[in-house]
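The structure under discussion appears below in the form of structure tokens.
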Amino acid sequence: MIFFISDLHLSPRSPGATCLFLQFLGGRARQADELFILGDLFEAWIGDDDCDEPFNAEIIAALRAASDSGLKISALHGNRDFLLGTDFAAASGVKLLNDPYILSTAEWQFALSHGDALCLDDTEYMAFRAQVRNPAWQAALLAKPLAERRSIAAHMREVSESSQRSKEMPYTDLQAAATDDFLREHGYATFIHGHTHQPAKHDHIVDGIHVERWVLSDWHEEQGECLIWDGEALRREAITDENRP
């Protein structure tokens with residue numbers, strides 16, 4: 001089995017989601033052969049030199065334990081944790097993948113992405129994305145002291161939350177034409193992504209070919225979600241802890 005999750009946005013501000021994820025890694029996830037995290041595992045990641053921060057260290061240790069148990073874990077960068085790097089990967093046992101990533105199994109083929117690169121109608125976000133994905137900008141940010149980076153991340157989060165509150169739809173959907181081009185470019189593979197926080201299954205007809213697009217759910221304090229490929233079909237499974245107060 002292959003599990004797909006996205007948009008956990010883990011931080012000390014989300015103890016419920018964090019607890020669910022740690023229990024998931026220690027239990028249900030280990031029944032899978034592979035786990036793909038399609039971006040925004042963390043609410044913010046300010047650099048791999050922050051791996052020893054207690055919260056980050058707890059998540060990394062749990063990932064490493066799951067990886068050492070035999071679970072193959074891979075991750076894409078999201079719009080919140082685009083600075084995840086080689087030190088994080090080495091410490092956690094997580095393989096960082098390029099976005100998009102083509103996953104081929106014996107039965108099917110999938111195109112995996114965080115999804116934000118196709119939100120072309122959100123011009124303000126696309127300008128921000130181009131800035132923060134620029135290697136020179138990232139190098140300049142990483143050269144700053146950790147304390148300053150924490151302040152920058154907190155400010156960016158406040159600006160983002162304020163912007164989302166002012167919008168009727170906080171997360172822009174993928175642009176339709178760009179999505180069809182993406183499906184065409186990647187061989188009409190089943191498309192799985194996150195980012196929009198609008199879980200759904202969309203049916204696209206591209207060049208007369210039916211292609212499914214599965215949008216992963218974001219995680220909340222009381223419930224997460226996992227998309228499961230069992231070798232025959234995709235299905236959603238809720239991640240909950242009914243015994244937690």
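Starting from 1 in every chain, residues are counted up; chains themselves are A, B, ... following the order of the structure tokens, and ligands are numbered from 1 as listed.
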
Please, which residues of range 5-245 of chain A, numbered as in this document, come out strand (DSSP E or B) from DSSP, as number ranges by chain?
A: 5, 10, 34-38, 42, 72-76, 95-96, 101-104, 109-113, 190-193, 200-206, 209-215, 224-229, 234-239

Could you pull the residues within 9 Å of Ser217 in chain A, counting only C-alpha atoms, minus those fewer than 2 positions along the same chain, as number ranges by chain?
A: 5-8, 194-200, 215, 219, 224-227

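For the set A:Ala178, A:Met126, A:Cys19, A:Ile37, the residue with the smallest atom-to-atom gap to Asp218 in chain A is A:Ile37, counting only C-alpha atoms.
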
Near Leu71 in chain A, within 10 Å and counting only C-alpha atoms, which residues show up once chain neighbours fewer than 4 positions away are dropped, as an MDAnalysis selection string?
chainID A and resid 25 29:35 63:67 93:94

For C-alpha atoms, I'd like the residues from the last selection saved as a JSON list (two decimals), in the first residue's frame.
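The resulting file, again.json, is reproduced below:
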```json
[["chain", "number", "residue", "atom", "x", "y", "z"],
["A", 25, "LEU", "CA", 3.66, 7.52, 12.15],
["A", 29, "ALA", "CA", 1.47, 4.48, 8.58],
["A", 30, "ARG", "CA", 3.68, 1.47, 9.28],
["A", 31, "GLN", "CA", 1.14, -0.76, 7.56],
["A", 32, "ALA", "CA", 2.09, 0.92, 4.27],
["A", 33, "ASP", "CA", 5.07, 0.25, 2.05],
["A", 34, "GLU", "CA", 5.54, 3.92, 1.21],
["A", 35, "LEU", "CA", 4.41, 7.29, 2.56],
["A", 63, "LEU", "CA", 10.08, 10.20, 11.07],
["A", 64, "ARG", "CA", 13.42, 8.47, 11.64],
["A", 65, "ALA", "CA", 11.81, 5.78, 13.80],
["A", 66, "ALA", "CA", 9.19, 5.10, 11.12],
["A", 67, "SER", "CA", 11.85, 5.05, 8.41],
["A", 93, "GLY", "CA", 15.34, 9.36, 6.81],
["A", 94, "VAL", "CA", 13.00, 11.22, 4.45]]
```

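Nearest to Pro100 in chain A of all the residues A:Gly85, A:Gly39, A:Pro15, A:Pro145 is A:Gly39, based on only C-alpha atoms.
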
Would you list the contacts of Leu146 in chain A as a ChimeraX atom specification, taking every protein, DNA or RNA residue within 9 Å and counting only C-alpha atoms, but skipping same-chain residues closer than 2 positions in sequence?
/A:46-47,49-50,142-144,148-151
